[in-house]
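Q: Pasting in a structure now, in structure tokens, and then I'll have a few things to ask.
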Amino acid sequence: MTNNLDHLTMNEKKLEQLLDVYGADLSKMPDPFAKEIKEFLQKIQEGANQGFDGEKESSANQASTQKEKISELIEKAELLDQALDHQKQLPKWDIEALEGQILAKAVASEQTSTADVISFDERKTTIEKNKPSAIDNKSSGKSEFFTMKSTGLIAASLLAGLLIGSFGGLDHLLYEEGTTLIASNSFMDDVLYLGTEYSLETADFLNN
Amino acid sequence: MQSGIIETEQDLIIHAQKGDQKAFKELVHQHLPNVLALGFRMLNNASEAEDMAQDVMLSLWQNISKYDAGKAKFSTWLYRITANRCLDRIRKKTPEQLPEDYDPVIEAEQLDNLYNKQLSKQMETTLQTLPERQYLALVLFHYQGHRMTEVAEIMECSSEAVESLLARARRTLKQKLGPLWQEFKNNSSPNQQEQNRMEVL
């Protein structure tokens with residue numbers, strides 16, 4: 001059967017894909033697609049009226065079936081568009097009042113930012129005035145060392161905790177899987193030992 | 001405004017960047033309705049949309065000097081800020097914080113018999129279950145009427161990615177609303193349907 005739709009790039013599947021993206025409103029589609037669809041629908045319509053090539057009755061029937069399928073696709077897309085359109089009716093806002101509020105906030109925010117600049121300058125002066133002496137700097141260095149040390153200790157404890165925690169989970173898993181409790185316990189002992197050793201080493205390192 | 005007549009949006013932006021409050025007010029006047037609409041559709045709550053719009057506009061005032069006309073249209077830039085604010089708010093929401101005053105039954109009653117309450121409820125629920133980027137794409141394209149390329153710019157992705165998001169969103173809606181189609185078909189305006197079909201065929 002010769003089909004006058006053969007030369008068209010459009011087909012049902014492509015039409016459905018386009019409807020899925022753009023909806024049934026052809027004005028929302030980019031020109032080449034909208035044009036293709038219009039041409040396709042026109043050909044289908046002609047086919048349904050006359051039969052493809054104006055020859056066979058079966059062709060006309062086929063075109064009618066195709067037209068029905070396409071109508072259904074379009075109808076579904078239209079219904080979805082309508083459902084979406086009516087789903088969200090916008091409230092009536094008092095735009096003027098809102099604009100007023102926004103402007104008032106904007107003006108206030110401008111004042112705030114100016115105040116920030118002034119206070120920044122003031123802070124800068126205060127910092128300059130209160131700059132620590134050389135002795136203070138020394139003590140400050142010492143306190144930095146302590147801070148680093150305690151941070152190191154905390155990090156080491158956390159790491160050990162994590163190791164124990166994660167192997168604890170593994171222990172649970174082993175137990176769940178049916179491995180003997182003794183085996184998993186001895187495994188945990190090793191982990192705990194490693195964790196302790198690591199913590200001790202870290203503490204030694206930090207003490208030195 | 002300082003002097004002369006400000007005609008174009010570009011003029012308004014330049015003046016607002018210099019701290020001109022009247023120019024800023026005009027920009028707010030031009031864009032606030034769309035910012036509110038996008039916010040309402042994304043957040044499903046009028047007062048939260050207002051709150052978000054105020055945040056966005058305030059942020060606009062504070063950061064307008066960062067706007068570069070060479071990189072994006074002003075509206076695109078503003079909607080990008082709005083979309084990001086909406087997504088931030090959606091992500092921060094816990095189930096308990098979902099719209100307090102929103103009642104889908106009341107909403108459905110306002111629909112002038114265009115479709116039944118069941119579908120409205122179903123639609124609302126389904127829309128809320130869409131992944132946020134699919135929903136954002138749908139709102140920007142379907143409700144806000146942006147072109148595909150604009151949506152892509154606002155969402156900072158390719159047009160193809162937006163097409164894919166839209167297609168997936170619409171397929172999900174079609175699939176989930178499937179059993180209710182017939183009912184909806186019977187309740188939707190026949191004249192409107194016929195008119196649309198005549199335009200297409």
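By convention in this document, the chains of the structure tokens carry letters A, B, ... by their order, each chain's residues are numbered from 1, and ligands are numbered from 1 in the order they are shown.
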Which residues, written as a VMD selection string, have at least one atom at most 12 Å from range 165-174 of chain B, with only C-alpha atoms counted and residues fewer than 4 positions away on the same chain left out?
A: (chain A and resid 16 to 24 73 75 to 81 83 to 84) or (chain B and resid 119 122 to 142 148 151 to 152 155 157 to 161 178 to 181)
Q: Residues of the last selection are to be written out with N, CA and C atoms, as a short mmCIF file (atom, residue, chain, number, x, y, z; two decimals), in the first residue's frame.
A:
```
data_model
loop_
_atom_site.label_atom_id
_atom_site.label_comp_id
_atom_site.auth_asym_id
_atom_site.auth_seq_id
_atom_site.Cartn_x
_atom_site.Cartn_y
_atom_site.Cartn_z
N GLU A 16 3.43 12.07 20.10
CA GLU A 16 3.19 11.87 21.53
C GLU A 16 4.31 12.48 22.36
N GLN A 17 5.55 12.29 21.89
CA GLN A 17 6.69 12.85 22.62
C GLN A 17 6.60 14.37 22.68
N LEU A 18 6.23 14.97 21.55
CA LEU A 18 6.12 16.43 21.52
C LEU A 18 4.99 16.92 22.42
N LEU A 19 3.88 16.19 22.40
CA LEU A 19 2.75 16.58 23.26
C LEU A 19 3.14 16.45 24.73
N ASP A 20 3.97 15.46 25.02
CA ASP A 20 4.42 15.27 26.40
C ASP A 20 5.27 16.44 26.87
N VAL A 21 6.03 16.99 25.96
CA VAL A 21 6.91 18.11 26.35
C VAL A 21 6.14 19.43 26.36
N TYR A 22 5.44 19.69 25.28
CA TYR A 22 4.87 21.04 25.10
C TYR A 22 3.39 21.15 25.44
N GLY A 23 2.72 20.04 25.57
CA GLY A 23 1.28 20.10 25.75
C GLY A 23 0.61 20.25 24.40
N ALA A 24 -0.71 20.37 24.41
CA ALA A 24 -1.46 20.37 23.15
C ALA A 24 -1.50 21.73 22.46
N LEU A 73 -4.66 11.05 21.54
CA LEU A 73 -3.40 11.60 22.09
C LEU A 73 -3.56 13.10 22.37
N GLU A 75 -6.32 14.77 22.70
CA GLU A 75 -7.34 15.00 23.73
C GLU A 75 -6.74 14.84 25.12
N LYS A 76 -5.93 13.80 25.29
CA LYS A 76 -5.30 13.58 26.60
C LYS A 76 -4.41 14.76 26.95
N ALA A 77 -3.65 15.22 25.97
CA ALA A 77 -2.75 16.35 26.22
C ALA A 77 -3.55 17.60 26.58
N GLU A 78 -4.68 17.77 25.88
CA GLU A 78 -5.55 18.94 26.17
C GLU A 78 -6.13 18.87 27.57
N LEU A 79 -6.59 17.66 27.91
CA LEU A 79 -7.18 17.50 29.25
C LEU A 79 -6.16 17.78 30.35
N LEU A 80 -4.95 17.34 30.09
CA LEU A 80 -3.91 17.59 31.08
C LEU A 80 -3.62 19.10 31.18
N ASP A 81 -3.58 19.73 30.03
CA ASP A 81 -3.38 21.20 30.02
C ASP A 81 -4.48 21.89 30.83
N ALA A 83 -6.47 20.57 33.13
CA ALA A 83 -6.36 20.23 34.56
C ALA A 83 -5.30 21.09 35.22
N LEU A 84 -4.18 21.27 34.52
CA LEU A 84 -3.11 22.11 35.06
C LEU A 84 -3.56 23.57 35.16
N LEU B 119 -10.60 14.68 40.97
CA LEU B 119 -9.47 14.90 40.08
C LEU B 119 -8.59 16.02 40.62
N GLN B 122 -6.59 14.70 43.37
CA GLN B 122 -5.59 13.79 42.82
C GLN B 122 -4.47 14.57 42.13
N MET B 123 -4.87 15.59 41.40
CA MET B 123 -3.91 16.42 40.68
C MET B 123 -2.97 17.11 41.65
N GLU B 124 -3.57 17.68 42.68
CA GLU B 124 -2.80 18.39 43.69
C GLU B 124 -1.77 17.46 44.33
N THR B 125 -2.25 16.29 44.71
CA THR B 125 -1.37 15.31 45.35
C THR B 125 -0.25 14.91 44.39
N THR B 126 -0.64 14.64 43.14
CA THR B 126 0.35 14.19 42.17
C THR B 126 1.39 15.28 41.90
N LEU B 127 0.91 16.51 41.78
CA LEU B 127 1.86 17.60 41.53
C LEU B 127 2.88 17.70 42.66
N GLN B 128 2.38 17.48 43.88
CA GLN B 128 3.29 17.59 45.02
C GLN B 128 4.29 16.45 45.09
N THR B 129 3.97 15.34 44.41
CA THR B 129 4.91 14.23 44.45
C THR B 129 5.95 14.30 43.33
N LEU B 130 5.76 15.25 42.42
CA LEU B 130 6.75 15.36 41.34
C LEU B 130 8.09 15.80 41.92
N PRO B 131 9.18 15.28 41.37
CA PRO B 131 10.48 15.79 41.81
C PRO B 131 10.56 17.31 41.58
N GLU B 132 11.26 18.00 42.48
CA GLU B 132 11.19 19.47 42.47
C GLU B 132 11.61 20.10 41.14
N ARG B 133 12.60 19.54 40.47
CA ARG B 133 13.05 20.16 39.21
C ARG B 133 12.03 19.92 38.09
N GLN B 134 11.38 18.77 38.12
CA GLN B 134 10.32 18.52 37.13
C GLN B 134 9.19 19.51 37.35
N TYR B 135 8.86 19.70 38.61
CA TYR B 135 7.76 20.62 38.94
C TYR B 135 8.12 22.06 38.58
N LEU B 136 9.37 22.43 38.86
CA LEU B 136 9.82 23.79 38.53
C LEU B 136 9.74 24.01 37.02
N ALA B 137 10.20 23.02 36.25
CA ALA B 137 10.16 23.14 34.79
C ALA B 137 8.71 23.31 34.32
N LEU B 138 7.82 22.54 34.90
CA LEU B 138 6.40 22.60 34.53
C LEU B 138 5.81 23.97 34.88
N VAL B 139 6.13 24.45 36.04
CA VAL B 139 5.60 25.76 36.47
C VAL B 139 6.13 26.87 35.57
N LEU B 140 7.42 26.84 35.30
CA LEU B 140 8.01 27.91 34.48
C LEU B 140 7.47 27.86 33.05
N PHE B 141 7.34 26.65 32.52
CA PHE B 141 6.91 26.54 31.12
C PHE B 141 5.39 26.65 30.98
N HIS B 142 4.68 25.89 31.75
CA HIS B 142 3.23 25.86 31.58
C HIS B 142 2.54 27.07 32.21
N MET B 148 11.16 27.65 26.07
CA MET B 148 12.04 26.56 26.50
C MET B 148 13.45 27.07 26.83
N VAL B 151 13.48 28.88 30.15
CA VAL B 151 13.40 27.93 31.27
C VAL B 151 14.79 27.34 31.51
N ALA B 152 15.44 26.98 30.39
CA ALA B 152 16.78 26.39 30.50
C ALA B 152 17.74 27.36 31.17
N MET B 155 16.88 27.66 34.87
CA MET B 155 17.24 26.46 35.62
C MET B 155 18.71 26.08 35.46
N CYS B 157 20.39 24.87 32.88
CA CYS B 157 20.65 23.57 32.24
C CYS B 157 20.33 23.71 30.75
N SER B 158 20.48 22.63 30.00
CA SER B 158 20.23 22.71 28.56
C SER B 158 18.73 22.61 28.26
N SER B 159 18.36 23.06 27.06
CA SER B 159 16.95 22.96 26.65
C SER B 159 16.52 21.50 26.61
N GLU B 160 17.45 20.63 26.20
CA GLU B 160 17.13 19.20 26.11
C GLU B 160 16.79 18.66 27.50
N ALA B 161 17.54 19.13 28.48
CA ALA B 161 17.28 18.66 29.85
C ALA B 161 15.90 19.12 30.32
N GLY B 178 -4.61 8.73 35.10
CA GLY B 178 -5.24 7.85 34.11
C GLY B 178 -6.65 7.40 34.43
N PRO B 179 -6.87 6.79 35.59
CA PRO B 179 -8.20 6.25 35.88
C PRO B 179 -9.29 7.33 35.96
N LEU B 180 -8.87 8.57 36.13
CA LEU B 180 -9.87 9.63 36.29
C LEU B 180 -10.16 10.40 35.01
N TRP B 181 -9.47 10.02 33.92
CA TRP B 181 -9.61 10.78 32.68
C TRP B 181 -11.07 10.89 32.21
#
```
Q: Residues of chain B that have any atom at most 7 Å from an atom of chain A: could you tabulate them with the shortest-distance atom pair and the distance in Å to one decimal, using only C-alpha atoms, ordered by chain and increasing number, as JSON lines?
A:
```
{"residue": "B:Lys25", "atom": "CA", "partner": "A:Leu103", "partner_atom": "CA", "distance": 6.7}
{"residue": "B:Val28", "atom": "CA", "partner": "A:Glu99", "partner_atom": "CA", "distance": 6.9}
{"residue": "B:His29", "atom": "CA", "partner": "A:Glu99", "partner_atom": "CA", "distance": 6.9}
{"residue": "B:Ala37", "atom": "CA", "partner": "A:Leu90", "partner_atom": "CA", "distance": 6.8}
{"residue": "B:Arg41", "atom": "CA", "partner": "A:Lys88", "partner_atom": "CA", "distance": 6.9}
{"residue": "B:Ala46", "atom": "CA", "partner": "A:Pro91", "partner_atom": "CA", "distance": 6.8}
{"residue": "B:Gln54", "atom": "CA", "partner": "A:Ile102", "partner_atom": "CA", "distance": 5.8}
{"residue": "B:Met57", "atom": "CA", "partner": "A:Ile102", "partner_atom": "CA", "distance": 6.8}
{"residue": "B:Leu58", "atom": "CA", "partner": "A:Ala106", "partner_atom": "CA", "distance": 5.7}
{"residue": "B:Trp61", "atom": "CA", "partner": "A:Ala106", "partner_atom": "CA", "distance": 6.5}
{"residue": "B:Leu111", "atom": "CA", "partner": "A:His86", "partner_atom": "CA", "distance": 6.8}
{"residue": "B:Ser120", "atom": "CA", "partner": "A:Gln87", "partner_atom": "CA", "distance": 6.7}
{"residue": "B:Glu163", "atom": "CA", "partner": "A:Val21", "partner_atom": "CA", "distance": 5.7}
{"residue": "B:Leu166", "atom": "CA", "partner": "A:Val21", "partner_atom": "CA", "distance": 5.2}
{"residue": "B:Ala167", "atom": "CA", "partner": "A:Val21", "partner_atom": "CA", "distance": 4.4}
{"residue": "B:Arg170", "atom": "CA", "partner": "A:Asp20", "partner_atom": "CA", "distance": 5.8}
{"residue": "B:Arg171", "atom": "CA", "partner": "A:Asp20", "partner_atom": "CA", "distance": 6.6}
{"residue": "B:Leu201", "atom": "CA", "partner": "A:Leu41", "partner_atom": "CA", "distance": 6.1}
```
Q: Please list as a PyMOL selection string every residue within 9 Å of Asn34 in chain B, counting only C-alpha atoms and excluding residues in the same chain fewer than 5 positions away.
A: chain B and resi 39+79+144
Q: Generate the output file for the selected residues, N, CA and C atoms, as a PDB file, in the first residue's frame.
A:
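Generated output (out.pdb):
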```pdb
ATOM      1  N   GLY B  39       6.200  31.879  42.943  1.00  0.00           N
ATOM      2  CA  GLY B  39       6.307  31.461  44.349  1.00  0.00           C
ATOM      3  C   GLY B  39       5.086  30.694  44.803  1.00  0.00           C
ATOM      4  N   TYR B  79      14.162  35.512  37.906  1.00  0.00           N
ATOM      5  CA  TYR B  79      13.416  34.267  38.103  1.00  0.00           C
ATOM      6  C   TYR B  79      14.334  33.153  38.607  1.00  0.00           C
ATOM      7  N   GLN B 144       4.026  29.889  33.897  1.00  0.00           N
ATOM      8  CA  GLN B 144       4.635  31.208  33.734  1.00  0.00           C
ATOM      9  C   GLN B 144       4.807  31.582  32.260  1.00  0.00           C
TER      10      GLN B 144
END
```
Q: What's the separation between CA of Gln17 in chain B and CA of Ala49 in chain B, in Å to one decimal place?
A: 25.5 Å
Q: Applying 8 Å and only C-alpha atoms, which residues near Ser64 in chain A remain after dropping the ones on its own chain fewer than 2 positions away? List them as number ranges by chain.
A: A: 44, 47-48, 60-62, 66-68
Q: Next, the residues of the selection above should be written as a compact mmCIF listing (two decimals), in the first residue's frame with N, CA and C atoms.
A:
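Full text of out_38.txt as output:
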```
# COMPACT_ATOMS: atom_id res chain seq x y z
N ILE A 44 -3.49 13.28 7.66
CA ILE A 44 -4.33 12.24 8.28
C ILE A 44 -5.80 12.52 7.96
N GLY A 47 -6.46 11.73 4.43
CA GLY A 47 -6.47 10.27 4.28
C GLY A 47 -7.77 9.66 4.75
N ALA A 48 -8.27 10.16 5.88
CA ALA A 48 -9.52 9.63 6.43
C ALA A 48 -10.69 9.97 5.53
N ALA A 60 -8.46 4.09 3.70
CA ALA A 60 -9.29 5.09 4.38
C ALA A 60 -9.60 4.65 5.80
N ASN A 61 -9.86 3.35 5.94
CA ASN A 61 -10.14 2.81 7.28
C ASN A 61 -8.92 2.96 8.18
N GLN A 62 -7.77 2.65 7.60
CA GLN A 62 -6.53 2.73 8.37
C GLN A 62 -6.29 4.19 8.81
N GLN A 66 -6.03 5.69 12.54
CA GLN A 66 -4.89 6.52 12.93
C GLN A 66 -5.37 7.88 13.45
N LYS A 67 -6.39 8.40 12.76
CA LYS A 67 -6.92 9.70 13.17
C LYS A 67 -7.50 9.61 14.58
N GLU A 68 -8.18 8.51 14.84
CA GLU A 68 -8.76 8.32 16.18
C GLU A 68 -7.69 8.28 17.25
```
Q: Which of these, B:Asn63, B:Ser164, B:Asn84, B:Thr149, has the shortest distance to Val35 in chain B once you count only C-alpha atoms?
A: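 For Val35 in chain B, the nearest of the given residues is B:Asn84.
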Q: For the atom pair CA of Glu26 in chain B and CA of Ala97 in chain A, what is the interatomic distance in Å to one decimal place?
A: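 Those two atoms sit 14.1 Å apart.
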